[in-house]
Amino acid sequence: MRWNLRLTAANKGIWKASELQRSLAEHGLVISAGKMSGLWSGQPVSLKLEDLDVICVVLGCEIGDLLIPEPEKVRHPGQAEEKERAAVGAGTAAPTVIPKRRDGRSLPPE
């Protein structure tokens with residue numbers, strides 16, 4: 001999921017995190033400056049569903065405006081193995097390993 005708070009707020013004419021923070025507080029959601037900074041400029045690690053409700057009311061938006069799905073980032077079963085097989089099948093040869101002694105000199109041919 002991609003967090004889309006800034007763009008959603010901008011579409012509603014809110015350009016500063018402090019503006020949104022004041023509006024949220026007016027609706028009963030008091031957020032510290034540090035948490036507000038994280039919501040505004042990053043991707044929140046966790047967020048209460050009740051807080052999302054307040055954000056949506058303040059911004060007059062739907063949850064889909066704030067959270068953008070990114071299904072292409074989801075790993076599907078067998079996906080890594082298919083990529084490995086495709087790489088091997090594409091003619092990529094494994095590098096040749098030349099054994100060396102501990103002092104760095106090559107071993108004598110057998």
# chains A, B, ... in the order shown; residues from 1 in each chain; ligands from 1
$ residues_around --residues "Lys12 (chain A)" --least-positions-apart "2" --cutoff "10 Å" --atoms "only C-alpha atoms" --output "list in words"
Arg6, Leu7, Thr8, Ala9, Ala10, Ile14, Trp15, Val58, Leu59, Gly60 and Cys61 of chain A
$ write_last_selection --atoms "N, CA and C atoms" --output "JSON list (two decimals), in the first residue's frame"
[["chain", "number", "residue", "atom", "x", "y", "z"],
["A", 6, "ARG", "N", -0.59, 13.42, 1.66],
["A", 6, "ARG", "CA", -0.21, 14.77, 1.20],
["A", 6, "ARG", "C", -0.98, 15.20, -0.04],
["A", 7, "LEU", "N", -1.05, 14.31, -1.01],
["A", 7, "LEU", "CA", -1.76, 14.65, -2.24],
["A", 7, "LEU", "C", -3.26, 14.83, -1.98],
["A", 8, "THR", "N", -3.81, 13.96, -1.15],
["A", 8, "THR", "CA", -5.23, 14.07, -0.82],
["A", 8, "THR", "C", -5.51, 15.39, -0.11],
["A", 9, "ALA", "N", -4.64, 15.76, 0.82],
["A", 9, "ALA", "CA", -4.80, 17.02, 1.54],
["A", 9, "ALA", "C", -4.65, 18.21, 0.57],
["A", 10, "ALA", "N", -3.68, 18.13, -0.31],
["A", 10, "ALA", "CA", -3.46, 19.22, -1.28],
["A", 10, "ALA", "C", -4.68, 19.41, -2.17],
["A", 14, "ILE", "N", -5.28, 21.91, 1.57],
["A", 14, "ILE", "CA", -4.44, 21.90, 2.78],
["A", 14, "ILE", "C", -3.01, 21.63, 2.35],
["A", 15, "TRP", "N", -2.14, 22.62, 2.57],
["A", 15, "TRP", "CA", -0.77, 22.54, 2.06],
["A", 15, "TRP", "C", 0.27, 22.32, 3.14],
["A", 58, "VAL", "N", -12.24, 14.90, 7.91],
["A", 58, "VAL", "CA", -11.62, 16.22, 7.79],
["A", 58, "VAL", "C", -11.29, 16.54, 6.33],
["A", 59, "LEU", "N", -10.79, 15.55, 5.60],
["A", 59, "LEU", "CA", -10.41, 15.79, 4.20],
["A", 59, "LEU", "C", -11.56, 15.58, 3.23],
["A", 60, "GLY", "N", -12.69, 15.08, 3.73],
["A", 60, "GLY", "CA", -13.82, 14.83, 2.84],
["A", 60, "GLY", "C", -13.48, 13.82, 1.77],
["A", 61, "CYS", "N", -12.78, 12.77, 2.16],
["A", 61, "CYS", "CA", -12.32, 11.78, 1.19],
["A", 61, "CYS", "C", -12.73, 10.37, 1.60]]
$ atom_distance --atom1 "CA of Asp65 (chain A)" --atom2 "CA of Leu5 (chain A)"
8.0 Å
$ atom_distance --atom1 "CA of Ile31 (chain A)" --atom2 "CA of Glu70 (chain A)"
27.3 Å
$ residues_around --residues "Val45 (chain A)" --least-positions-apart "3" --cutoff "12 Å" --atoms "only C-alpha atoms" --output "PDB file with all heavy atoms, in the first residue's frame"
ATOM      1  N   MET A   1       0.837  -1.188   0.000  1.00  0.00           N
ATOM      2  CA  MET A   1       0.000   0.000   0.000  1.00  0.00           C
ATOM      3  C   MET A   1       0.878   1.246   0.000  1.00  0.00           C
ATOM      4  O   MET A   1       1.903   1.286   0.643  1.00  0.00           O
ATOM      5  CB  MET A   1      -0.873   0.054   1.249  1.00  0.00           C
ATOM      6  CG  MET A   1      -1.989  -0.917   1.286  1.00  0.00           C
ATOM      7  SD  MET A   1      -3.305  -0.345   0.222  1.00  0.00           S
ATOM      8  CE  MET A   1      -4.399  -1.696   0.361  1.00  0.00           C
ATOM      9  N   ARG A   2       0.420   2.233  -0.711  1.00  0.00           N
ATOM     10  CA  ARG A   2       1.104   3.528  -0.734  1.00  0.00           C
ATOM     11  C   ARG A   2       0.237   4.539  -0.005  1.00  0.00           C
ATOM     12  O   ARG A   2      -0.966   4.640  -0.232  1.00  0.00           O
ATOM     13  CB  ARG A   2       1.344   3.972  -2.175  1.00  0.00           C
ATOM     14  CG  ARG A   2       2.116   5.269  -2.290  1.00  0.00           C
ATOM     15  CD  ARG A   2       2.557   5.525  -3.724  1.00  0.00           C
ATOM     16  NE  ARG A   2       1.515   5.310  -4.718  1.00  0.00           N
ATOM     17  CZ  ARG A   2       0.734   6.273  -5.203  1.00  0.00           C
ATOM     18  NH1 ARG A   2       0.869   7.508  -4.796  1.00  0.00           N
ATOM     19  NH2 ARG A   2      -0.180   5.990  -6.104  1.00  0.00           N
ATOM     20  N   TRP A   3       0.840   5.276   0.916  1.00  0.00           N
ATOM     21  CA  TRP A   3       0.158   6.288   1.711  1.00  0.00           C
ATOM     22  C   TRP A   3       0.093   7.579   0.902  1.00  0.00           C
ATOM     23  O   TRP A   3       1.106   8.082   0.431  1.00  0.00           O
ATOM     24  CB  TRP A   3       0.924   6.476   3.009  1.00  0.00           C
ATOM     25  CG  TRP A   3       0.379   7.445   3.994  1.00  0.00           C
ATOM     26  CD1 TRP A   3       1.035   8.524   4.496  1.00  0.00           C
ATOM     27  CD2 TRP A   3      -0.891   7.413   4.655  1.00  0.00           C
ATOM     28  NE1 TRP A   3       0.255   9.177   5.407  1.00  0.00           N
ATOM     29  CE2 TRP A   3      -0.941   8.509   5.526  1.00  0.00           C
ATOM     30  CE3 TRP A   3      -2.004   6.574   4.572  1.00  0.00           C
ATOM     31  CZ2 TRP A   3      -2.046   8.783   6.318  1.00  0.00           C
ATOM     32  CZ3 TRP A   3      -3.099   6.845   5.374  1.00  0.00           C
ATOM     33  CH2 TRP A   3      -3.121   7.935   6.231  1.00  0.00           C
ATOM     34  N   LYS A  35       4.404  12.556  15.309  1.00  0.00           N
ATOM     35  CA  LYS A  35       3.549  11.619  14.581  1.00  0.00           C
ATOM     36  C   LYS A  35       2.951  12.287  13.341  1.00  0.00           C
ATOM     37  O   LYS A  35       2.850  11.673  12.280  1.00  0.00           O
ATOM     38  CB  LYS A  35       2.435  11.089  15.476  1.00  0.00           C
ATOM     39  CG  LYS A  35       1.600  10.026  14.792  1.00  0.00           C
ATOM     40  CD  LYS A  35       0.637   9.334  15.726  1.00  0.00           C
ATOM     41  CE  LYS A  35      -0.138   8.280  14.962  1.00  0.00           C
ATOM     42  NZ  LYS A  35      -1.074   7.560  15.817  1.00  0.00           N
ATOM     43  N   GLY A  38       5.429  12.255  10.595  1.00  0.00           N
ATOM     44  CA  GLY A  38       5.497  10.931   9.975  1.00  0.00           C
ATOM     45  C   GLY A  38       4.332  10.664   9.047  1.00  0.00           C
ATOM     46  O   GLY A  38       4.502  10.109   7.961  1.00  0.00           O
ATOM     47  N   LEU A  39       3.135  11.082   9.464  1.00  0.00           N
ATOM     48  CA  LEU A  39       1.950  10.890   8.614  1.00  0.00           C
ATOM     49  C   LEU A  39       2.057  11.742   7.355  1.00  0.00           C
ATOM     50  O   LEU A  39       1.668  11.317   6.273  1.00  0.00           O
ATOM     51  CB  LEU A  39       0.676  11.296   9.370  1.00  0.00           C
ATOM     52  CG  LEU A  39       0.195  10.383  10.480  1.00  0.00           C
ATOM     53  CD1 LEU A  39      -0.992  11.014  11.182  1.00  0.00           C
ATOM     54  CD2 LEU A  39      -0.169   9.019   9.942  1.00  0.00           C
ATOM     55  N   GLY A  42       5.852  10.645   5.402  1.00  0.00           N
ATOM     56  CA  GLY A  42       6.278   9.267   5.207  1.00  0.00           C
ATOM     57  C   GLY A  42       5.117   8.317   5.059  1.00  0.00           C
ATOM     58  O   GLY A  42       4.013   8.701   4.690  1.00  0.00           O
ATOM     59  N   LYS A  48      -4.562   3.795  13.721  1.00  0.00           N
ATOM     60  CA  LYS A  48      -5.835   3.256  14.191  1.00  0.00           C
ATOM     61  C   LYS A  48      -6.923   3.511  13.149  1.00  0.00           C
ATOM     62  O   LYS A  48      -6.935   4.552  12.477  1.00  0.00           O
ATOM     63  CB  LYS A  48      -6.235   3.917  15.501  1.00  0.00           C
ATOM     64  CG  LYS A  48      -5.330   3.588  16.653  1.00  0.00           C
ATOM     65  CD  LYS A  48      -5.796   4.305  17.901  1.00  0.00           C
ATOM     66  CE  LYS A  48      -4.879   4.015  19.062  1.00  0.00           C
ATOM     67  NZ  LYS A  48      -5.285   4.780  20.257  1.00  0.00           N
TER      68      LYS A  48
END
$ closest_residue --among "A:Glu62, A:Val54, A:Ser18, A:Asn4" --to "Met36 (chain A)" --atoms "only C-alpha atoms"
A:Ser18
$ select_by_dssp --residues "region 12-102 of chain A" --states "alpha helix (DSSP H)" --output "PyMOL selection string"
chain A and resi 17-26+33-41+49-59+63-66+79-89
$ closest_residue --among "A:Gln43, A:Arg22, A:Ile98, A:Gly13" --to "Ile68 (chain A)" --atoms "only C-alpha atoms"
A:Gln43
$ closest_residue --among "A:Glu26, A:Lys16, A:Asp103, A:Thr96" --to "Val57 (chain A)" --atoms "only C-alpha atoms"
A:Glu26
